[in-house]
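**Student:** I am sharing work.txt, which consists of compact mmCIF, N, CA and C atoms:
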```txt
# COMPACT_ATOMS: atom_id res chain seq x y z
N MET A 1 109.45 109.53 86.79
CA MET A 1 108.80 108.63 85.87
C MET A 1 107.75 109.41 85.10
N GLU A 2 107.42 108.95 83.91
CA GLU A 2 106.41 109.60 83.08
C GLU A 2 105.41 108.58 82.58
N SER A 3 104.20 109.07 82.30
CA SER A 3 103.19 108.22 81.67
C SER A 3 103.55 108.07 80.20
N ARG A 4 102.83 107.22 79.52
CA ARG A 4 103.12 107.06 78.09
C ARG A 4 102.72 108.31 77.29
N TYR A 5 101.99 109.24 77.92
CA TYR A 5 101.62 110.50 77.29
C TYR A 5 102.54 111.64 77.70
N GLY A 6 103.59 111.34 78.46
CA GLY A 6 104.54 112.34 78.89
C GLY A 6 104.17 113.08 80.16
N GLN A 7 103.11 112.63 80.85
CA GLN A 7 102.72 113.26 82.11
C GLN A 7 103.64 112.76 83.22
N LYS A 8 104.12 113.67 84.03
CA LYS A 8 105.04 113.30 85.11
C LYS A 8 104.30 112.63 86.25
N ARG A 9 104.95 111.61 86.82
CA ARG A 9 104.48 110.92 88.02
C ARG A 9 105.54 111.14 89.09
N PHE A 10 105.12 111.63 90.23
CA PHE A 10 106.05 111.94 91.31
C PHE A 10 105.90 110.87 92.39
N ILE A 11 107.03 110.47 92.96
CA ILE A 11 107.04 109.44 94.00
C ILE A 11 107.67 110.04 95.24
N ARG A 12 106.92 109.98 96.34
CA ARG A 12 107.39 110.52 97.61
C ARG A 12 107.41 109.41 98.64
N ALA A 13 108.54 109.24 99.29
CA ALA A 13 108.66 108.23 100.34
C ALA A 13 107.99 108.72 101.61
N VAL A 14 107.12 107.90 102.17
CA VAL A 14 106.53 108.17 103.49
C VAL A 14 107.46 107.58 104.55
N ASP A 15 107.93 106.37 104.28
CA ASP A 15 108.96 105.70 105.07
C ASP A 15 109.66 104.72 104.14
N ASP A 16 110.46 103.79 104.68
CA ASP A 16 111.23 102.90 103.80
C ASP A 16 110.38 101.82 103.13
N LYS A 17 109.09 101.71 103.48
CA LYS A 17 108.21 100.71 102.87
C LYS A 17 106.98 101.30 102.20
N THR A 18 106.73 102.59 102.39
CA THR A 18 105.49 103.19 101.91
C THR A 18 105.79 104.42 101.05
N TYR A 19 105.10 104.51 99.92
CA TYR A 19 105.33 105.59 98.96
C TYR A 19 104.00 106.13 98.46
N VAL A 20 103.97 107.41 98.14
CA VAL A 20 102.83 108.03 97.49
C VAL A 20 103.24 108.32 96.05
N VAL A 21 102.40 107.87 95.11
CA VAL A 21 102.62 108.14 93.69
C VAL A 21 101.54 109.14 93.29
N TYR A 22 101.94 110.27 92.67
CA TYR A 22 101.05 111.39 92.39
C TYR A 22 101.33 111.92 91.00
N GLY A 23 100.29 112.32 90.30
CA GLY A 23 100.52 112.94 89.01
C GLY A 23 99.24 113.32 88.31
N GLU A 24 99.41 114.08 87.24
CA GLU A 24 98.29 114.51 86.43
C GLU A 24 97.61 113.30 85.82
N SER A 25 96.30 113.24 85.97
CA SER A 25 95.53 112.10 85.45
C SER A 25 94.06 112.49 85.49
N ASN A 26 93.43 112.61 84.33
CA ASN A 26 92.03 113.00 84.27
C ASN A 26 91.11 111.90 84.79
N TYR A 27 91.59 110.69 84.76
CA TYR A 27 90.83 109.56 85.30
C TYR A 27 91.81 108.49 85.76
N PHE A 28 91.33 107.57 86.56
CA PHE A 28 92.13 106.42 86.98
C PHE A 28 91.19 105.27 87.27
N ARG A 29 91.75 104.07 87.26
CA ARG A 29 90.99 102.88 87.63
C ARG A 29 91.67 102.29 88.86
N CYS A 30 90.89 101.70 89.76
CA CYS A 30 91.49 101.06 90.91
C CYS A 30 90.60 99.92 91.39
N GLY A 31 91.22 99.01 92.09
CA GLY A 31 90.53 97.87 92.68
C GLY A 31 91.29 97.47 93.93
N GLU A 32 90.95 96.33 94.48
CA GLU A 32 91.61 95.88 95.71
C GLU A 32 93.09 95.59 95.50
N GLU A 33 93.49 95.25 94.27
CA GLU A 33 94.87 94.83 94.02
C GLU A 33 95.61 95.67 93.00
N PHE A 34 95.00 96.77 92.52
CA PHE A 34 95.69 97.56 91.49
C PHE A 34 95.27 99.02 91.53
N PHE A 35 96.10 99.85 90.89
CA PHE A 35 95.81 101.26 90.65
C PHE A 35 96.39 101.58 89.28
N ASP A 36 95.59 102.21 88.43
CA ASP A 36 96.01 102.49 87.06
C ASP A 36 95.77 103.95 86.73
N PHE A 37 96.85 104.72 86.63
CA PHE A 37 96.77 106.11 86.20
C PHE A 37 96.43 106.17 84.71
N GLU A 38 95.84 107.27 84.26
CA GLU A 38 95.67 107.52 82.83
C GLU A 38 97.06 107.52 82.19
N GLY A 39 97.30 106.64 81.27
CA GLY A 39 98.61 106.57 80.62
C GLY A 39 99.67 105.83 81.43
N GLY A 40 99.30 105.29 82.58
CA GLY A 40 100.22 104.51 83.39
C GLY A 40 100.95 105.35 84.43
N PRO A 41 101.59 104.72 85.34
CA PRO A 41 101.83 103.28 85.37
C PRO A 41 100.63 102.51 85.94
N PHE A 42 100.55 101.25 85.57
CA PHE A 42 99.59 100.31 86.13
C PHE A 42 100.32 99.63 87.28
N ILE A 43 99.89 99.87 88.50
CA ILE A 43 100.56 99.33 89.69
C ILE A 43 99.69 98.22 90.25
N VAL A 44 100.25 97.02 90.37
CA VAL A 44 99.48 95.87 90.85
C VAL A 44 100.28 95.12 91.92
N ILE A 45 99.57 94.56 92.88
CA ILE A 45 100.23 93.78 93.93
C ILE A 45 101.04 92.66 93.29
N GLY A 46 102.26 92.48 93.78
CA GLY A 46 103.15 91.43 93.29
C GLY A 46 104.17 91.92 92.28
N MET A 47 103.96 93.10 91.69
CA MET A 47 104.93 93.57 90.69
C MET A 47 106.20 94.08 91.37
N ALA A 48 107.27 94.11 90.65
CA ALA A 48 108.56 94.55 91.18
C ALA A 48 108.50 96.02 91.58
N ALA A 49 109.16 96.35 92.69
CA ALA A 49 109.21 97.73 93.17
C ALA A 49 109.96 98.64 92.22
N SER A 50 110.65 98.08 91.24
CA SER A 50 111.38 98.89 90.27
C SER A 50 110.44 99.82 89.50
N ILE A 51 109.13 99.54 89.49
CA ILE A 51 108.17 100.44 88.86
C ILE A 51 108.23 101.82 89.53
N LEU A 52 108.64 101.85 90.78
CA LEU A 52 108.76 103.11 91.51
C LEU A 52 110.17 103.68 91.41
N GLY A 53 111.02 103.05 90.63
CA GLY A 53 112.38 103.53 90.50
C GLY A 53 113.28 103.07 91.62
N LEU A 54 112.82 102.10 92.41
CA LEU A 54 113.63 101.57 93.51
C LEU A 54 114.53 100.48 92.98
N ASP A 55 115.74 100.47 93.45
CA ASP A 55 116.75 99.55 92.96
C ASP A 55 116.97 98.41 93.96
N ASP A 56 115.97 97.57 94.11
CA ASP A 56 116.09 96.44 95.03
C ASP A 56 115.17 95.31 94.60
N ASP A 57 115.10 94.26 95.42
CA ASP A 57 114.34 93.06 95.07
C ASP A 57 112.94 93.02 95.65
N ARG A 58 112.48 94.10 96.26
CA ARG A 58 111.16 94.10 96.88
C ARG A 58 110.05 94.17 95.83
N SER A 59 108.83 93.90 96.29
CA SER A 59 107.68 93.98 95.39
C SER A 59 106.52 94.71 96.09
N VAL A 60 105.55 95.09 95.30
CA VAL A 60 104.36 95.78 95.81
C VAL A 60 103.52 94.79 96.61
N VAL A 61 103.18 95.14 97.86
CA VAL A 61 102.35 94.28 98.70
C VAL A 61 100.95 94.86 98.92
N SER A 62 100.78 96.16 98.72
CA SER A 62 99.44 96.76 98.78
C SER A 62 99.44 98.07 98.00
N VAL A 63 98.26 98.42 97.52
CA VAL A 63 98.09 99.67 96.79
C VAL A 63 96.68 100.17 97.10
N LYS A 64 96.58 101.49 97.34
CA LYS A 64 95.30 102.06 97.75
C LYS A 64 95.15 103.45 97.15
N ALA A 65 94.00 103.73 96.57
CA ALA A 65 93.72 105.06 96.05
C ALA A 65 93.60 106.04 97.20
N LEU A 66 94.12 107.24 97.00
CA LEU A 66 93.99 108.32 97.98
C LEU A 66 93.05 109.38 97.42
N ASP A 67 92.40 110.11 98.30
CA ASP A 67 91.50 111.18 97.90
C ASP A 67 92.34 112.40 97.53
N CYS A 68 92.54 112.60 96.24
CA CYS A 68 93.37 113.71 95.76
C CYS A 68 92.51 114.96 95.63
N LYS A 69 92.94 116.03 96.25
CA LYS A 69 92.17 117.28 96.25
C LYS A 69 92.47 118.16 95.03
N ASP A 70 93.50 117.81 94.27
CA ASP A 70 93.88 118.59 93.10
C ASP A 70 93.12 118.09 91.87
N GLU A 71 92.29 118.94 91.29
CA GLU A 71 91.50 118.54 90.12
C GLU A 71 92.41 118.18 88.96
N GLY A 72 92.10 117.06 88.30
CA GLY A 72 92.90 116.61 87.17
C GLY A 72 94.14 115.82 87.57
N TYR A 73 94.24 115.48 88.86
CA TYR A 73 95.37 114.71 89.37
C TYR A 73 94.85 113.50 90.14
N ALA A 74 95.71 112.51 90.32
CA ALA A 74 95.37 111.32 91.11
C ALA A 74 96.58 110.93 91.92
N GLU A 75 96.32 110.19 93.00
CA GLU A 75 97.43 109.69 93.81
C GLU A 75 97.03 108.39 94.49
N CYS A 76 98.06 107.60 94.79
CA CYS A 76 97.81 106.34 95.47
C CYS A 76 98.95 106.08 96.46
N LEU A 77 98.64 105.25 97.43
CA LEU A 77 99.60 104.84 98.45
C LEU A 77 100.05 103.43 98.11
N VAL A 78 101.35 103.23 98.02
CA VAL A 78 101.92 101.93 97.65
C VAL A 78 102.83 101.46 98.77
N GLU A 79 102.60 100.21 99.22
CA GLU A 79 103.47 99.61 100.23
C GLU A 79 104.28 98.51 99.55
N ILE A 80 105.57 98.48 99.83
CA ILE A 80 106.42 97.45 99.26
C ILE A 80 107.02 96.61 100.39
N GLY A 81 107.37 95.40 100.09
CA GLY A 81 107.95 94.53 101.09
C GLY A 81 108.81 93.46 100.49
```
Would you give me this structure, written as C-alpha cells?

**Tutor:**
Amino acid sequence: MESRYGQKRFIRAVDDKTYVVYGESNYFRCGEEFFDFEGGPFIVIGMAASILGLDDDRSVVSVKALDCKDEGYAECLVEIG
C-alpha cells in the first residue's frame, strides 16, 4: 500500500488477528480510536480490514501507536476481528 504521496506502507502479520503497519512518515496523529500516517492511511476502529489489503469481512477493533525507533518513520499495531 502507498500513501497519497507515494510513500510505501508495509504490513506485517503478527498473528491472524494482529498486524503492524509501518512506513515513512515525518509526523502522525493518533488517539484512542485512530492512527493517521502522514499522507494516509487513516486507520480507525470499525473500518473494514480491507484497508490492510485483507480480503475478508473483518474490521479494525483496536489500533495503537508503537514507539518507532527509525527517524522519519511511524508504526502502529492494528487488531482486526

**Student:** Which polymer residues have any atom within 8 Å of an atom of stretch 48-56 of chain A, counting only C-alpha atoms, with same-chain residues fewer than 4 positions away left out, as a VMD selection string?

**Tutor:** chain A and resid 1 11 41 43 60 80

**Student:** Write the residues of the preceding selection, restricted to N, CA and C atoms, as a PDB file, in the coordinates of the input.

**Tutor:**
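Result saved to out.pdb:
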```
ATOM      1  N   MET A   1     109.450 109.530  86.790  1.00  0.00           N
ATOM      2  CA  MET A   1     108.800 108.630  85.870  1.00  0.00           C
ATOM      3  C   MET A   1     107.750 109.410  85.100  1.00  0.00           C
ATOM      4  N   ILE A  11     107.030 110.470  92.960  1.00  0.00           N
ATOM      5  CA  ILE A  11     107.040 109.440  94.000  1.00  0.00           C
ATOM      6  C   ILE A  11     107.670 110.040  95.240  1.00  0.00           C
ATOM      7  N   PRO A  41     101.590 104.720  85.340  1.00  0.00           N
ATOM      8  CA  PRO A  41     101.830 103.280  85.370  1.00  0.00           C
ATOM      9  C   PRO A  41     100.630 102.510  85.940  1.00  0.00           C
ATOM     10  N   ILE A  43      99.890  99.870  88.500  1.00  0.00           N
ATOM     11  CA  ILE A  43     100.560  99.330  89.690  1.00  0.00           C
ATOM     12  C   ILE A  43      99.690  98.220  90.250  1.00  0.00           C
ATOM     13  N   VAL A  60     105.550  95.090  95.300  1.00  0.00           N
ATOM     14  CA  VAL A  60     104.360  95.780  95.810  1.00  0.00           C
ATOM     15  C   VAL A  60     103.520  94.790  96.610  1.00  0.00           C
ATOM     16  N   ILE A  80     105.570  98.480  99.830  1.00  0.00           N
ATOM     17  CA  ILE A  80     106.420  97.450  99.260  1.00  0.00           C
ATOM     18  C   ILE A  80     107.020  96.610 100.390  1.00  0.00           C
TER      19      ILE A  80
END
```

**Student:** Would you mind reading off the distance between atom CA of A:Leu77 and atom CA of A:Glu2, one decimal, in Å?

**Tutor:** 17.5 Å

**Student:** Please indicate the distance in Å from atom N of A:Gly72 to atom C of A:Asp16, rounded to one decimal place.

**Tutor:**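 It comes out at 28.0 Å.
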
**Student:** In Å, with one decimal, what is the gap from atom CA of A:Ser59 to atom CA of A:Cys30?

**Tutor:** 18.2 Å

**Student:** Within 6.5 Å of (96.8, 111.6, 86.1) (file coordinates; all atoms listed in the file), which protein or nucleic acid residues are there? I'd like them as a list of chain:residue names.

**Tutor:**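 Here is the list of nearby residues: A:Gly23, A:Glu24, A:Ser25, A:Asn26, A:Tyr27, A:Phe37, A:Glu38, A:Gly72, A:Tyr73, A:Ala74.
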
**Student:** What lies within 8 Å of A:Val21 using all atoms listed in the file, ignoring chain neighbours under 4 positions off, as a list in words?

**Tutor:**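 Counting all atoms listed in the file, the residues come to Arg9, Phe10, Ile11, Arg12, Ala13, Ala74, Glu75, Cys76, Leu77 and Val78 of chain A.
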
**Student:** Counting only C-alpha atoms, which of A:Asp57, A:Glu32, A:Asp70, A:Glu79 gets nearest to A:Val14?

**Tutor:**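 Answer, going by the shortest atom-to-atom distance: A:Glu79.
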
**Student:** I want to know what sits within 8 Å of A:Gly31, based on only N, CA and C atoms, with residues of the same chain fewer than 3 positions away left out; could you give that as a list in words?

**Tutor:** Phe28, Phe34, Phe35, Asp36, Val63, Lys64 and Ala65 of chain A

**Student:** I need stretch 2-76 of chain A written out with C-alpha atoms, as a compact mmCIF listing (two decimals), in the first residue's frame; please produce it.

**Tutor:**
```txt
# COMPACT_ATOMS: atom_id res chain seq x y z
CA GLU A 2 1.12 3.59 -0.55
CA SER A 3 0.29 6.96 0.95
CA ARG A 4 -1.22 9.60 -1.26
CA TYR A 5 2.35 10.99 -1.57
CA GLY A 6 3.72 7.67 -2.84
CA GLN A 7 5.33 6.63 0.46
CA LYS A 8 5.23 2.87 0.97
CA ARG A 9 3.35 1.38 3.93
CA PHE A 10 4.38 -2.12 4.94
CA ILE A 11 2.04 -4.54 6.71
CA ARG A 12 3.42 -7.41 8.76
CA ALA A 13 1.23 -10.06 10.33
CA VAL A 14 1.96 -10.77 13.99
CA ASP A 15 -0.77 -13.44 14.00
CA ASP A 16 -4.10 -13.95 12.20
CA LYS A 17 -5.71 -11.01 14.08
CA THR A 18 -2.85 -8.58 14.69
CA TYR A 19 -0.80 -6.56 12.21
CA VAL A 20 1.92 -3.92 12.33
CA VAL A 21 1.65 -1.11 9.78
CA TYR A 22 4.99 0.69 9.21
CA GLY A 23 6.24 3.34 6.85
CA GLU A 24 7.94 6.63 6.21
CA SER A 25 6.05 9.43 7.92
CA ASN A 26 7.51 12.67 9.27
CA TYR A 27 4.53 13.03 11.57
CA PHE A 28 1.39 11.15 12.56
CA ARG A 29 -1.74 11.74 14.58
CA CYS A 30 -3.25 9.21 16.95
CA GLY A 31 -5.96 8.85 19.55
CA GLU A 32 -7.78 6.10 21.38
CA GLU A 33 -9.66 5.06 18.23
CA PHE A 34 -7.46 6.08 15.29
CA PHE A 35 -3.97 6.32 13.79
CA ASP A 36 -3.22 8.63 10.87
CA PHE A 37 0.06 8.44 8.94
CA GLU A 38 1.28 11.50 7.01
CA GLY A 39 -0.49 11.04 3.68
CA GLY A 40 -2.52 8.10 4.99
CA PRO A 41 -3.83 5.65 5.57
CA PHE A 42 -6.17 6.90 8.28
CA ILE A 43 -6.94 3.78 10.33
CA VAL A 44 -9.95 3.96 12.64
CA ILE A 45 -11.79 1.41 14.77
CA GLY A 46 -14.75 -0.03 12.86
CA MET A 47 -13.32 0.39 9.35
CA ALA A 48 -13.06 -2.59 7.02
CA ALA A 49 -9.88 -4.67 7.27
CA SER A 50 -9.52 -4.24 3.51
CA ILE A 51 -7.50 -1.09 4.35
CA LEU A 52 -4.75 -3.56 5.21
CA GLY A 53 -5.19 -5.43 1.95
CA LEU A 54 -7.02 -8.30 3.66
CA ASP A 55 -9.69 -9.97 1.60
CA ASP A 56 -12.35 -10.75 4.19
CA ASP A 57 -15.27 -9.30 6.16
CA ARG A 58 -13.41 -8.41 9.35
CA SER A 59 -12.97 -4.90 10.69
CA VAL A 60 -10.49 -2.98 12.84
CA VAL A 61 -11.22 -3.48 16.56
CA SER A 62 -8.20 -1.65 18.03
CA VAL A 63 -5.31 0.50 16.91
CA LYS A 64 -2.31 1.62 18.94
CA ALA A 65 0.74 3.73 18.14
CA LEU A 66 4.07 1.95 18.59
CA ASP A 67 7.35 3.57 19.59
CA CYS A 68 9.20 3.58 16.26
CA LYS A 69 12.97 3.83 16.62
CA ASP A 70 13.55 4.76 12.96
CA GLU A 71 13.66 8.54 12.50
CA GLY A 72 11.17 9.76 9.90
CA TYR A 73 9.06 6.60 10.20
CA ALA A 74 5.95 5.62 12.17
CA GLU A 75 4.24 2.37 13.03
CA CYS A 76 1.09 1.16 14.68
```
